[in-house]
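**Student:** File data_24.cif follows (mmCIF, C-alpha atoms):
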```
data_my_file
#
loop_
_atom_site.group_PDB
_atom_site.id
_atom_site.type_symbol
_atom_site.label_atom_id
_atom_site.label_comp_id
_atom_site.auth_asym_id
_atom_site.auth_seq_id
_atom_site.Cartn_x
_atom_site.Cartn_y
_atom_site.Cartn_z
ATOM 1 C CA MET E 1 121.184 207.637 195.053
ATOM 2 C CA ILE E 2 123.134 204.511 196.062
ATOM 3 C CA LEU E 3 122.271 200.947 195.070
ATOM 4 C CA VAL E 4 123.074 198.183 197.568
ATOM 5 C CA THR E 5 122.568 194.621 196.353
ATOM 6 C CA GLY E 6 122.147 192.164 199.197
ATOM 7 C CA GLY E 7 121.223 195.178 201.293
ATOM 8 C CA ALA E 8 118.880 193.251 203.588
ATOM 9 C CA GLY E 9 121.577 190.695 204.354
ATOM 10 C CA PHE E 10 124.223 190.700 207.037
ATOM 11 C CA ILE E 11 126.958 193.009 205.744
ATOM 12 C CA GLY E 12 124.534 194.795 203.426
ATOM 13 C CA SER E 13 122.169 195.852 206.199
ATOM 14 C CA ASN E 14 125.076 197.098 208.319
ATOM 15 C CA LEU E 15 126.190 199.193 205.344
ATOM 16 C CA GLN E 16 122.615 200.364 204.779
ATOM 17 C CA ALA E 17 122.465 201.563 208.396
ATOM 18 C CA ALA E 18 125.670 203.554 207.925
ATOM 19 C CA LEU E 19 124.502 205.090 204.641
ATOM 20 C CA ALA E 20 121.186 206.043 206.248
ATOM 21 C CA ARG E 21 123.075 207.776 209.057
ATOM 22 C CA ARG E 22 124.915 209.731 206.375
ATOM 23 C CA GLY E 23 121.601 210.839 204.898
ATOM 24 C CA HIS E 24 121.863 208.951 201.610
ATOM 25 C CA GLU E 25 118.871 207.819 199.585
ATOM 26 C CA THR E 26 119.359 204.101 198.962
ATOM 27 C CA ILE E 27 117.752 201.330 196.965
ATOM 28 C CA VAL E 28 118.206 197.840 198.380
ATOM 29 C CA VAL E 29 118.145 194.883 195.990
ATOM 30 C CA ASP E 30 117.152 191.798 197.966
ATOM 31 C CA TRP E 31 114.385 189.426 198.963
ATOM 32 C CA LEU E 32 112.929 189.854 202.450
ATOM 33 C CA GLY E 33 111.275 186.425 202.549
ATOM 34 C CA ASP E 34 109.106 185.281 205.445
ATOM 35 C CA ALA E 35 111.708 184.593 208.156
ATOM 36 C CA GLY E 36 111.899 188.077 209.636
ATOM 37 C CA LYS E 37 114.778 189.323 207.487
ATOM 38 C CA TRP E 38 113.007 192.697 207.301
ATOM 39 C CA ARG E 39 114.196 193.304 210.846
ATOM 40 C CA ASN E 40 117.712 193.833 209.475
ATOM 41 C CA LEU E 41 116.325 197.029 207.920
ATOM 42 C CA GLY E 42 113.771 197.808 210.606
ATOM 43 C CA LYS E 43 115.605 200.802 212.079
ATOM 44 C CA HIS E 44 116.922 202.236 208.804
ATOM 45 C CA PRO E 45 114.584 201.417 205.883
ATOM 46 C CA PRO E 46 115.761 202.295 202.367
ATOM 47 C CA ALA E 47 113.819 204.404 199.894
ATOM 48 C CA ARG E 48 112.950 201.262 197.959
ATOM 49 C CA ILE E 49 113.418 197.490 198.118
ATOM 50 C CA LEU E 50 113.800 195.910 194.698
ATOM 51 C CA PRO E 51 113.466 192.141 194.105
ATOM 52 C CA PRO E 52 116.605 190.843 192.362
ATOM 53 C CA GLU E 53 114.647 189.553 189.363
ATOM 54 C CA GLU E 54 113.593 193.147 188.585
ATOM 55 C CA ILE E 55 117.062 194.677 188.582
ATOM 56 C CA GLY E 56 117.471 194.413 184.798
ATOM 57 C CA ASP E 57 114.334 196.429 184.025
ATOM 58 C CA PHE E 58 115.211 198.902 186.771
ATOM 59 C CA LEU E 59 118.675 199.577 185.382
ATOM 60 C CA ALA E 60 117.291 199.870 181.856
ATOM 61 C CA SER E 61 115.248 202.857 183.064
ATOM 62 C CA HIS E 62 118.511 204.789 183.561
ATOM 63 C CA PRO E 63 118.077 205.628 187.243
ATOM 64 C CA PRO E 64 120.341 208.364 188.673
ATOM 65 C CA ILE E 65 122.637 205.971 190.556
ATOM 66 C CA GLU E 66 125.947 207.441 191.732
ATOM 67 C CA MET E 67 127.434 204.311 193.309
ATOM 68 C CA VAL E 68 126.773 200.572 193.488
ATOM 69 C CA PHE E 69 127.752 198.398 196.427
ATOM 70 C CA HIS E 70 127.311 194.871 195.075
ATOM 71 C CA LEU E 71 127.132 192.605 198.121
ATOM 72 C CA GLY E 72 124.396 190.224 196.987
ATOM 73 C CA ALA E 73 125.493 186.643 196.378
ATOM 74 C CA VAL E 74 124.832 182.997 197.052
ATOM 75 C CA SER E 75 127.245 182.859 199.968
ATOM 76 C CA ALA E 76 126.757 179.347 201.356
ATOM 77 C CA THR E 77 130.039 177.463 201.181
ATOM 78 C CA THR E 78 128.016 174.232 201.004
ATOM 79 C CA ALA E 79 125.967 175.308 197.953
ATOM 80 C CA THR E 80 125.867 172.705 195.177
ATOM 81 C CA ASP E 81 123.627 174.166 192.423
ATOM 82 C CA GLY E 82 126.392 175.308 190.107
ATOM 83 C CA ASP E 83 124.140 176.958 187.536
ATOM 84 C CA HIS E 84 122.302 179.057 190.110
ATOM 85 C CA VAL E 85 125.467 180.074 191.957
ATOM 86 C CA TRP E 86 127.233 180.988 188.703
ATOM 87 C CA ALA E 87 124.268 183.039 187.469
ATOM 88 C CA THR E 88 124.080 184.943 190.746
ATOM 89 C CA ASN E 89 127.737 185.363 191.661
ATOM 90 C CA VAL E 90 129.271 185.810 188.207
ATOM 91 C CA GLU E 91 126.730 186.717 185.519
ATOM 92 C CA LEU E 92 124.893 189.318 187.605
ATOM 93 C CA SER E 93 128.211 190.785 188.742
ATOM 94 C CA LEU E 94 129.353 191.122 185.125
ATOM 95 C CA LYS E 95 126.105 192.848 184.150
ATOM 96 C CA LEU E 96 126.508 195.358 186.953
ATOM 97 C CA TRP E 97 130.168 195.967 186.083
ATOM 98 C CA HIS E 98 129.331 196.686 182.435
ATOM 99 C CA TRP E 99 126.368 198.882 183.389
ATOM 100 C CA CYS E 100 128.523 200.933 185.755
ATOM 101 C CA ALA E 101 131.319 201.195 183.197
ATOM 102 C CA ALA E 102 128.925 202.422 180.492
ATOM 103 C CA ARG E 103 127.308 205.041 182.724
ATOM 104 C CA GLY E 104 130.240 206.244 184.798
ATOM 105 C CA VAL E 105 128.950 204.789 188.070
ATOM 106 C CA ARG E 106 131.341 203.805 190.856
ATOM 107 C CA PHE E 107 131.334 200.085 191.664
ATOM 108 C CA VAL E 108 132.379 198.221 194.833
ATOM 109 C CA TYR E 109 131.803 194.480 195.005
ATOM 110 C CA ALA E 110 132.197 191.680 197.524
ATOM 111 C CA SER E 111 134.789 189.043 196.808
ATOM 112 C CA SER E 112 135.815 186.595 199.540
ATOM 113 C CA ALA E 113 138.728 185.038 201.380
ATOM 114 C CA ALA E 114 137.243 181.743 200.178
ATOM 115 C CA THR E 115 139.003 182.474 196.871
ATOM 116 C CA TYR E 116 142.318 181.612 198.557
ATOM 117 C CA GLY E 117 141.388 177.974 199.098
ATOM 118 C CA ASN E 118 143.646 176.239 201.597
ATOM 119 C CA GLY E 119 146.046 179.180 201.597
ATOM 120 C CA ALA E 120 148.877 177.268 199.952
ATOM 121 C CA GLN E 121 149.536 180.270 197.692
ATOM 122 C CA GLY E 122 149.297 182.734 200.552
ATOM 123 C CA PHE E 123 146.764 185.526 201.050
ATOM 124 C CA GLU E 124 148.162 188.219 198.771
ATOM 125 C CA ASP E 125 145.469 190.372 197.119
ATOM 126 C CA ASP E 126 147.388 190.763 193.874
ATOM 127 C CA TYR E 127 144.801 191.071 191.098
ATOM 128 C CA SER E 128 147.057 190.300 188.162
ATOM 129 C CA PRO E 129 145.727 187.408 186.038
ATOM 130 C CA ALA E 130 149.008 185.538 186.556
ATOM 131 C CA HIS E 131 148.665 185.575 190.335
ATOM 132 C CA LEU E 132 144.937 184.936 190.436
ATOM 133 C CA SER E 133 145.353 181.893 188.188
ATOM 134 C CA THR E 134 147.413 180.193 190.917
ATOM 135 C CA LEU E 135 144.551 180.211 193.455
ATOM 136 C CA ARG E 136 142.494 177.062 194.023
ATOM 137 C CA PRO E 137 139.221 177.668 195.921
ATOM 138 C CA LEU E 138 137.864 174.689 197.845
ATOM 139 C CA ASN E 139 134.140 175.111 197.149
ATOM 140 C CA LEU E 140 131.636 176.358 194.584
ATOM 141 C CA TYR E 141 131.055 179.658 196.359
ATOM 142 C CA GLY E 142 134.760 180.482 196.525
ATOM 143 C CA TRP E 143 135.266 179.393 192.914
ATOM 144 C CA THR E 144 132.529 181.696 191.570
ATOM 145 C CA LYS E 145 133.883 184.639 193.530
ATOM 146 C CA HIS E 146 137.315 183.816 192.147
ATOM 147 C CA ALA E 147 135.898 183.555 188.624
ATOM 148 C CA PHE E 148 134.546 187.094 188.807
ATOM 149 C CA ASP E 149 137.868 188.401 190.187
ATOM 150 C CA LEU E 150 139.555 186.792 187.177
ATOM 151 C CA ASN E 151 137.038 188.337 184.796
ATOM 152 C CA VAL E 152 137.740 191.759 186.276
ATOM 153 C CA ALA E 153 141.493 191.251 185.968
ATOM 154 C CA HIS E 154 141.217 190.234 182.315
ATOM 155 C CA MET E 155 138.920 193.167 181.507
ATOM 156 C CA LEU E 156 141.375 195.568 183.089
ATOM 157 C CA THR E 157 144.461 194.155 181.384
ATOM 158 C CA SER E 158 142.738 194.073 177.988
ATOM 159 C CA GLY E 159 141.737 197.706 178.243
ATOM 160 C CA GLN E 160 137.982 197.167 178.310
ATOM 161 C CA PRO E 161 135.750 199.912 179.738
ATOM 162 C CA ARG E 162 135.668 200.025 183.492
ATOM 163 C CA PRO E 163 133.782 202.004 186.133
ATOM 164 C CA PRO E 164 135.382 205.309 187.211
ATOM 165 C CA GLN E 165 136.066 203.669 190.562
ATOM 166 C CA TRP E 166 136.160 199.930 191.155
ATOM 167 C CA ALA E 167 137.072 197.903 194.207
ATOM 168 C CA GLY E 168 136.750 194.221 195.036
ATOM 169 C CA LEU E 169 136.755 193.347 198.730
ATOM 170 C CA LYS E 170 137.998 189.971 199.904
ATOM 171 C CA PHE E 171 136.069 189.672 203.154
ATOM 172 C CA PHE E 172 137.547 187.342 205.729
ATOM 173 C CA ASN E 173 135.488 185.919 208.646
ATOM 174 C CA VAL E 174 132.994 188.661 209.434
ATOM 175 C CA TYR E 175 130.875 188.602 212.597
ATOM 176 C CA GLY E 176 128.382 190.967 214.197
ATOM 177 C CA PRO E 177 124.687 191.927 214.407
ATOM 178 C CA ASN E 178 122.055 191.241 211.731
ATOM 179 C CA GLU E 179 123.430 187.853 210.701
ATOM 180 C CA TYR E 180 120.633 185.923 212.397
ATOM 181 C CA HIS E 181 118.917 184.851 209.149
ATOM 182 C CA LYS E 182 121.979 183.053 207.770
ATOM 183 C CA GLY E 183 121.232 179.577 209.078
ATOM 184 C CA SER E 184 124.229 177.271 208.771
ATOM 185 C CA MET E 185 126.344 180.154 207.429
ATOM 186 C CA ILE E 186 125.988 182.222 210.604
ATOM 187 C CA SER E 187 129.279 183.260 212.205
ATOM 188 C CA VAL E 188 130.993 180.927 214.614
ATOM 189 C CA VAL E 189 130.822 183.690 217.235
ATOM 190 C CA LYS E 190 127.014 183.593 217.211
ATOM 191 C CA VAL E 191 126.950 179.785 217.236
ATOM 192 C CA LYS E 192 129.302 179.594 220.204
ATOM 193 C CA HIS E 193 127.360 182.265 222.081
ATOM 194 C CA ASP E 194 124.164 180.264 221.663
ATOM 195 C CA GLU E 195 125.865 177.188 223.102
ATOM 196 C CA VAL E 196 127.089 179.128 226.116
ATOM 197 C CA ALA E 197 123.684 180.816 226.594
ATOM 198 C CA GLN E 198 122.098 177.351 226.762
ATOM 199 C CA GLY E 199 124.505 176.288 229.501
ATOM 200 C CA GLN E 200 126.548 174.041 227.206
ATOM 201 C CA ALA E 201 130.272 173.789 226.685
ATOM 202 C CA VAL E 202 131.598 175.474 223.563
ATOM 203 C CA ARG E 203 132.024 172.818 220.877
ATOM 204 C CA LEU E 204 134.872 173.081 218.385
ATOM 205 C CA PHE E 205 135.828 170.820 215.502
ATOM 206 C CA ARG E 206 138.757 168.520 215.972
ATOM 207 C CA SER E 207 141.592 169.252 213.620
ATOM 208 C CA ASP E 208 141.545 167.311 210.354
ATOM 209 C CA GLN E 209 145.173 168.183 209.588
ATOM 210 C CA GLU E 210 148.111 166.142 210.789
ATOM 211 C CA GLY E 211 150.302 168.054 213.221
ATOM 212 C CA LEU E 212 147.651 170.690 213.990
ATOM 213 C CA GLU E 213 146.241 170.437 217.496
ATOM 214 C CA ASP E 214 142.526 170.652 218.192
ATOM 215 C CA GLY E 215 141.360 174.233 218.602
ATOM 216 C CA GLN E 216 144.461 175.648 216.925
ATOM 217 C CA GLN E 217 142.813 176.204 213.563
ATOM 218 C CA LYS E 218 143.165 179.922 212.867
ATOM 219 C CA ARG E 219 141.028 182.422 211.020
ATOM 220 C CA ASP E 220 141.121 186.164 210.515
ATOM 221 C CA PHE E 221 137.929 187.226 212.322
ATOM 222 C CA ILE E 222 136.755 190.781 211.616
ATOM 223 C CA TRP E 223 134.052 192.881 213.282
ATOM 224 C CA VAL E 224 131.355 193.928 210.781
ATOM 225 C CA GLY E 225 131.694 197.576 211.789
ATOM 226 C CA ASP E 226 135.281 197.522 210.535
ATOM 227 C CA VAL E 227 134.113 196.117 207.201
ATOM 228 C CA VAL E 228 131.582 198.934 206.880
ATOM 229 C CA ASP E 229 134.267 201.496 207.706
ATOM 230 C CA VAL E 230 136.345 200.232 204.772
ATOM 231 C CA MET E 231 133.372 200.616 202.412
ATOM 232 C CA LEU E 232 132.605 204.118 203.675
ATOM 233 C CA TRP E 233 136.259 205.012 203.170
ATOM 234 C CA LEU E 234 135.970 203.849 199.568
ATOM 235 C CA GLN E 235 132.899 206.035 199.151
ATOM 236 C CA ASP E 236 134.921 208.989 200.455
ATOM 237 C CA THR E 237 137.997 208.093 198.369
ATOM 238 C CA PRO E 238 136.951 207.840 194.715
ATOM 239 C CA GLY E 239 140.573 207.508 193.594
ATOM 240 C CA ALA E 240 141.048 204.193 195.426
ATOM 241 C CA ASN E 241 140.862 201.238 193.043
ATOM 242 C CA GLY E 242 141.885 197.607 193.382
ATOM 243 C CA LEU E 243 141.267 194.218 194.895
ATOM 244 C CA PHE E 244 141.698 194.491 198.657
ATOM 245 C CA ASN E 245 141.798 192.072 201.556
ATOM 246 C CA VAL E 246 139.406 193.099 204.321
ATOM 247 C CA GLY E 247 140.623 191.398 207.470
ATOM 248 C CA THR E 248 142.494 192.395 210.584
ATOM 249 C CA GLY E 249 145.819 190.975 209.465
ATOM 250 C CA GLN E 250 146.021 188.807 212.597
ATOM 251 C CA ALA E 251 144.829 185.203 212.591
ATOM 252 C CA ARG E 252 143.400 183.997 215.892
ATOM 253 C CA THR E 253 142.692 180.456 217.027
ATOM 254 C CA TYR E 254 139.234 179.031 217.471
ATOM 255 C CA LEU E 255 140.202 178.376 221.069
ATOM 256 C CA ASP E 256 140.894 182.104 221.506
ATOM 257 C CA LEU E 257 137.454 182.800 220.083
ATOM 258 C CA ALA E 258 135.756 180.250 222.346
ATOM 259 C CA HIS E 259 137.386 181.723 225.436
ATOM 260 C CA ALA E 260 136.443 185.264 224.361
ATOM 261 C CA VAL E 261 132.789 184.245 223.958
ATOM 262 C CA CYS E 262 132.741 182.643 227.416
ATOM 263 C CA ASP E 263 134.369 185.711 228.951
ATOM 264 C CA ALA E 264 131.963 188.110 227.216
ATOM 265 C CA ALA E 265 129.003 186.064 228.461
ATOM 266 C CA ARG E 266 130.577 185.960 231.936
ATOM 267 C CA GLN E 267 130.577 182.186 231.926
ATOM 268 C CA LYS E 268 133.196 179.597 232.826
ATOM 269 C CA ARG E 269 135.539 178.603 230.007
ATOM 270 C CA GLU E 270 134.383 175.137 228.973
ATOM 271 C CA VAL E 271 135.351 173.679 225.589
ATOM 272 C CA GLU E 272 134.831 170.231 224.076
ATOM 273 C CA PHE E 273 135.981 168.928 220.707
ATOM 274 C CA ILE E 274 133.781 167.105 218.194
ATOM 275 C CA ASP E 275 134.484 165.423 214.857
ATOM 276 C CA MET E 276 134.321 167.595 211.781
ATOM 277 C CA PRO E 277 131.286 166.830 209.556
ATOM 278 C CA ILE E 278 132.115 164.721 206.531
ATOM 279 C CA ASN E 279 130.822 167.366 204.112
ATOM 280 C CA LEU E 280 133.396 169.871 205.418
ATOM 281 C CA ARG E 281 136.442 167.623 205.314
ATOM 282 C CA GLY E 282 138.773 168.714 202.548
ATOM 283 C CA GLN E 283 136.853 171.993 202.151
ATOM 284 C CA TYR E 284 137.695 173.530 205.518
ATOM 285 C CA GLN E 285 140.152 176.416 205.737
ATOM 286 C CA SER E 286 142.336 175.728 208.779
ATOM 287 C CA PHE E 287 144.204 178.998 208.385
ATOM 288 C CA THR E 288 143.367 182.404 206.942
ATOM 289 C CA GLU E 289 145.100 185.710 207.541
ATOM 290 C CA ALA E 290 144.624 188.855 205.519
ATOM 291 C CA SER E 291 147.555 190.865 204.323
ATOM 292 C CA PRO E 292 146.303 194.472 204.623
ATOM 293 C CA ALA E 293 149.326 195.984 202.847
ATOM 294 C CA ARG E 294 147.517 197.002 199.642
ATOM 295 C CA LEU E 295 144.622 198.541 201.548
ATOM 296 C CA ARG E 296 147.070 200.504 203.689
ATOM 297 C CA ALA E 297 149.071 201.559 200.626
ATOM 298 C CA ALA E 298 145.851 202.874 199.071
ATOM 299 C CA GLY E 299 145.484 205.175 202.082
ATOM 300 C CA TYR E 300 143.197 203.363 204.506
ATOM 301 C CA ASN E 301 144.306 204.176 208.055
ATOM 302 C CA GLY E 302 141.399 202.798 210.087
ATOM 303 C CA GLN E 303 142.140 200.538 213.031
ATOM 304 C CA PHE E 304 140.681 197.047 213.270
ATOM 305 C CA THR E 305 138.837 195.919 216.382
ATOM 306 C CA PRO E 306 140.686 193.288 218.469
ATOM 307 C CA LEU E 307 138.856 189.949 218.657
ATOM 308 C CA GLU E 308 138.100 190.100 222.378
ATOM 309 C CA LEU E 309 136.706 193.636 222.118
ATOM 310 C CA GLY E 310 134.580 192.841 219.086
ATOM 311 C CA ILE E 311 133.132 189.718 220.661
ATOM 312 C CA ARG E 312 132.412 191.518 223.912
ATOM 313 C CA ARG E 313 130.600 194.261 222.025
ATOM 314 C CA TYR E 314 128.609 191.770 219.947
ATOM 315 C CA VAL E 315 127.585 189.651 222.921
ATOM 316 C CA GLN E 316 126.836 192.374 225.436
ATOM 317 C CA GLU E 317 125.435 195.129 223.208
ATOM 318 C CA PHE E 318 123.441 192.920 220.846
ATOM 319 C CA LEU E 319 123.072 189.203 221.613
ATOM 320 C CA ALA E 320 122.298 189.742 225.292
ATOM 321 C CA GLN E 321 119.699 192.413 224.516
ATOM 322 C CA PRO E 322 115.949 191.952 223.872
ATOM 323 C CA ASP E 323 116.429 193.577 220.460
ATOM 324 C CA PRO E 324 119.678 192.264 218.959
ATOM 325 C CA TYR E 325 119.405 194.168 215.656
ATOM 326 C CA LEU E 326 121.538 197.104 214.571
#
```
Transcribe the structure of this file into structure tokens.
**Tutor:**
Amino acid sequence: MILVTGGAGFIGSNLQAALARRGHETIVVDWLGDAGKWRNLGKHPPARILPPEEIGDFLASHPPIEMVFHLGAVSATTATDGDHVWATNVELSLKLWHWCAARGVRFVYASSAATYGNGAQGFEDDYSPAHLSTLRPLNLYGWTKHAFDLNVAHMLTSGQPRPPQWAGLKFFNVYGPNEYHKGSMISVVKVKHDEVAQGQAVRLFRSDQEGLEDGQQKRDFIWVGDVVDVMLWLQDTPGANGLFNVGTGQARTYLDLAHAVCDAARQKREVEFIDMPINLRGQYQSFTEASPARLRAAGYNGQFTPLELGIRRYVQEFLAQPDPYL
């Protein structure tokens, strides 16, 4: 039995689909709510859906869990309720880590590229406390993810009990099907597609950094199927442990992305630039690029989907279809 927290969410439901195809019995920890989030699981329902507030009692019953994929989190980069975000992103993660360590259960958790802040210290997934202490996340979400990474590093270096396999995954900018419930946190690919589908020009933020031209902000955009492949590889490779970047290793400009969306939708390339919202200024990552060296050194040989191919697949196989769900 496999436990997937956040399993009705974007990345979680894509993982759930893959685990179902493998024939695994899964328990999803998540809220479905009343906005149609159940559709993320509609084609591959788990054995059970557990509300997050019941996870403590469930784990106390000593269920026969063989692996935990901990993807549940408050993931909004604009979140401001520090107590709630800390309780969800750090305290719950610590409880799951200790539970897995005590019972010999393998543990994979979601970190984030948001832990790197503005990238001034680079994007090296070194999990030593000395290196991690140099990172300066720009928002509450990134800071709580960073705080748990630090906790893990200190537990490891101090010799505290740990799960038989552990891996933290620093996801970069993930896009793909089943993200439709995410509101303002939906991927820029989906947002730009919607603009094009409505006959509008693609709108991009003007640069807020001196010397950086509009549209030349760069991110490491990764197809959700590639993210799932990394997690399945970890399931198949119990000896792989560490904190790993999960990105393509190639930053692409927002202008590249805008053009790829237009091309995939078979529409003319039209782009206009708008001012960046005040609440994002000073918190906006103008450059991210994963270094995949540690993941490769651990033995992962999968190939990452080029941006144009991933966007074309997303637009034509999902967004342009009557049923856009995986």
**Student:** Could you tell me which residues the PyMOL selection byres ((chain E and resi 97) around 10) returns for this structure, as a ChimeraX atom specification?
**Tutor:** /E:68,70,91-96,98-102,105-109,152,161-163,166
**Student:** Provide the CA of Ala251 in chain E to CA of Gly119 in chain E distance in Å, to one decimal place.
**Tutor:**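 Interatomic distance, CA of Ala251 in chain E to CA of Gly119 in chain E: 12.6 Å.
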**Student:** Choose the residue, out of E:Leu135, E:Val191, E:Val315, E:Leu307, that has the smallest atom-to-atom separation from Phe221 in chain E; count all atoms listed in the file.
**Tutor:**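 Smallest distance to Phe221 in chain E is found for E:Leu307.
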**Student:** Counting only C-alpha atoms, what are the residues of range 51-101 of chain E within 9 Å of range 12-26 of chain E, and for each of them which pair of atoms is the nearest and at what distance in Å, to one decimal? Sort the table by chain and rising number, as a tab-separated table.
**Tutor:**
```
residue	atom	partner	partner_atom	distance
E:Phe69	CA	E:Gly12	CA	8.5
E:His70	CA	E:Gly12	CA	8.8
E:Leu71	CA	E:Gly12	CA	6.3
E:Gly72	CA	E:Gly12	CA	7.9
```
**Student:** Report, as AutoDock Vina command-line options, the centre and edge lengths in Å (one decimal) of the axis-aligned box enclosing every listed atom of range 162-173 of chain E, padded by 6 Å on each side.
**Tutor:**
```
--center_x 135.9 --center_y 195.6 --center_z 196.1 --size_x 16.2 --size_y 31.4 --size_z 37.2
```
**Student:** Enter the distance from CA of Ala110 in chain E to CA of Lys170 in chain E, in Å, rounded to one decimal.
**Tutor:**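 Between these atoms lies a distance of 6.5 Å.
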**Student:** So what does the PyMOL selection byres ((chain E and resi 89) around 9) actually pick up in this one, as a ChimeraX atom specification?
**Tutor:** /E:72-75,84-88,90-94,141,144-145,147-148
**Student:** Quick one: of E:Ala290, E:Leu319, E:Ile278, E:Ala201, who's nearest to Ala114 in chain E, counting all atoms listed in the file?
**Tutor:**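 The answer is E:Ala290, which sits nearest to Ala114 in chain E.
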**Student:** Rounded to one decimal, what separation in Å do you get between CA of Ser207 in chain E and CA of Phe244 in chain E?
**Tutor:**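 These atoms are spaced 29.3 Å apart.
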**Student:** What residues come out when you apply the PyMOL selection byres ((chain E and resi 222-231) around 6) to this file, written as a ChimeraX atom specification?
**Tutor:** /E:15,173-176,221,232-234,247,310
**Student:** Take the residues that were just selected and, keeping C-alpha atoms, output them as a CSV table (one decimal), in the coordinates of the input.
**Tutor:**
```
chain,number,residue,atom,x,y,z
E,15,LEU,CA,126.2,199.2,205.3
E,173,ASN,CA,135.5,185.9,208.6
E,174,VAL,CA,133.0,188.7,209.4
E,175,TYR,CA,130.9,188.6,212.6
E,176,GLY,CA,128.4,191.0,214.2
E,221,PHE,CA,137.9,187.2,212.3
E,232,LEU,CA,132.6,204.1,203.7
E,233,TRP,CA,136.3,205.0,203.2
E,234,LEU,CA,136.0,203.8,199.6
E,247,GLY,CA,140.6,191.4,207.5
E,310,GLY,CA,134.6,192.8,219.1
```
**Student:** Pick from E:Asp126, E:Asp34, E:Asp275, E:Asp236: nearest to Phe205 in chain E, with only C-alpha atoms counted?
**Tutor:** E:Asp275
**Student:** Hey, which of E:Asn301, E:Gln285, E:Ser291, E:Thr77 ends up closest to Gln209 in chain E? Count all atoms listed in the file.
**Tutor:**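 Nearest candidate to Gln209 in chain E out of E:Asn301, E:Gln285, E:Ser291, E:Thr77: E:Gln285.
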**Student:** Extract, using all atoms listed in the file, all DNA, RNA and protein residues at most 12 Å from His193 in chain E, discarding same-chain residues fewer than 4 positions from it, and format them as number ranges by chain.
**Tutor:** E: 175-176, 186-189, 197-203, 257-267, 269, 311-312, 314-316, 318-320
**Student:** Output: range 284-311 of chain E of the preceding structure, restricted to C-alpha atoms, written as a PDB file, in the first residue's frame.
**Tutor:**
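out15.pdb, freshly written:
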```pdb
ATOM      1  CA  TYR E 284       9.638  37.159  -8.468  1.00  0.00           C
ATOM      2  CA  GLN E 285      12.288  34.708  -9.643  1.00  0.00           C
ATOM      3  CA  SER E 286      13.613  36.072 -12.943  1.00  0.00           C
ATOM      4  CA  PHE E 287      15.880  33.084 -13.458  1.00  0.00           C
ATOM      5  CA  THR E 288      15.794  29.442 -12.403  1.00  0.00           C
ATOM      6  CA  GLU E 289      17.705  26.520 -13.853  1.00  0.00           C
ATOM      7  CA  ALA E 290      18.073  23.117 -12.276  1.00  0.00           C
ATOM      8  CA  SER E 291      21.410  21.422 -12.055  1.00  0.00           C
ATOM      9  CA  PRO E 292      20.542  17.735 -12.623  1.00  0.00           C
ATOM     10  CA  ALA E 293      24.046  16.472 -11.786  1.00  0.00           C
ATOM     11  CA  ARG E 294      23.160  14.820  -8.460  1.00  0.00           C
ATOM     12  CA  LEU E 295      20.095  13.121  -9.912  1.00  0.00           C
ATOM     13  CA  ARG E 296      22.185  11.809 -12.800  1.00  0.00           C
ATOM     14  CA  ALA E 297      24.951  10.690 -10.433  1.00  0.00           C
ATOM     15  CA  ALA E 298      22.351   8.742  -8.441  1.00  0.00           C
ATOM     16  CA  GLY E 299      21.559   6.797 -11.617  1.00  0.00           C
ATOM     17  CA  TYR E 300      18.580   8.540 -13.191  1.00  0.00           C
ATOM     18  CA  ASN E 301      18.918   8.336 -16.977  1.00  0.00           C
ATOM     19  CA  GLY E 302      15.482   9.516 -18.105  1.00  0.00           C
ATOM     20  CA  GLN E 303      15.257  12.201 -20.763  1.00  0.00           C
ATOM     21  CA  PHE E 304      13.394  15.447 -20.152  1.00  0.00           C
ATOM     22  CA  THR E 305      10.762  16.666 -22.588  1.00  0.00           C
ATOM     23  CA  PRO E 306      11.764  19.773 -24.600  1.00  0.00           C
ATOM     24  CA  LEU E 307       9.573  22.809 -23.883  1.00  0.00           C
ATOM     25  CA  GLU E 308       7.995  23.005 -27.334  1.00  0.00           C
ATOM     26  CA  LEU E 309       7.111  19.299 -27.321  1.00  0.00           C
ATOM     27  CA  GLY E 310       5.671  19.402 -23.819  1.00  0.00           C
ATOM     28  CA  ILE E 311       3.551  22.450 -24.555  1.00  0.00           C
TER      29      ILE E 311
END
```
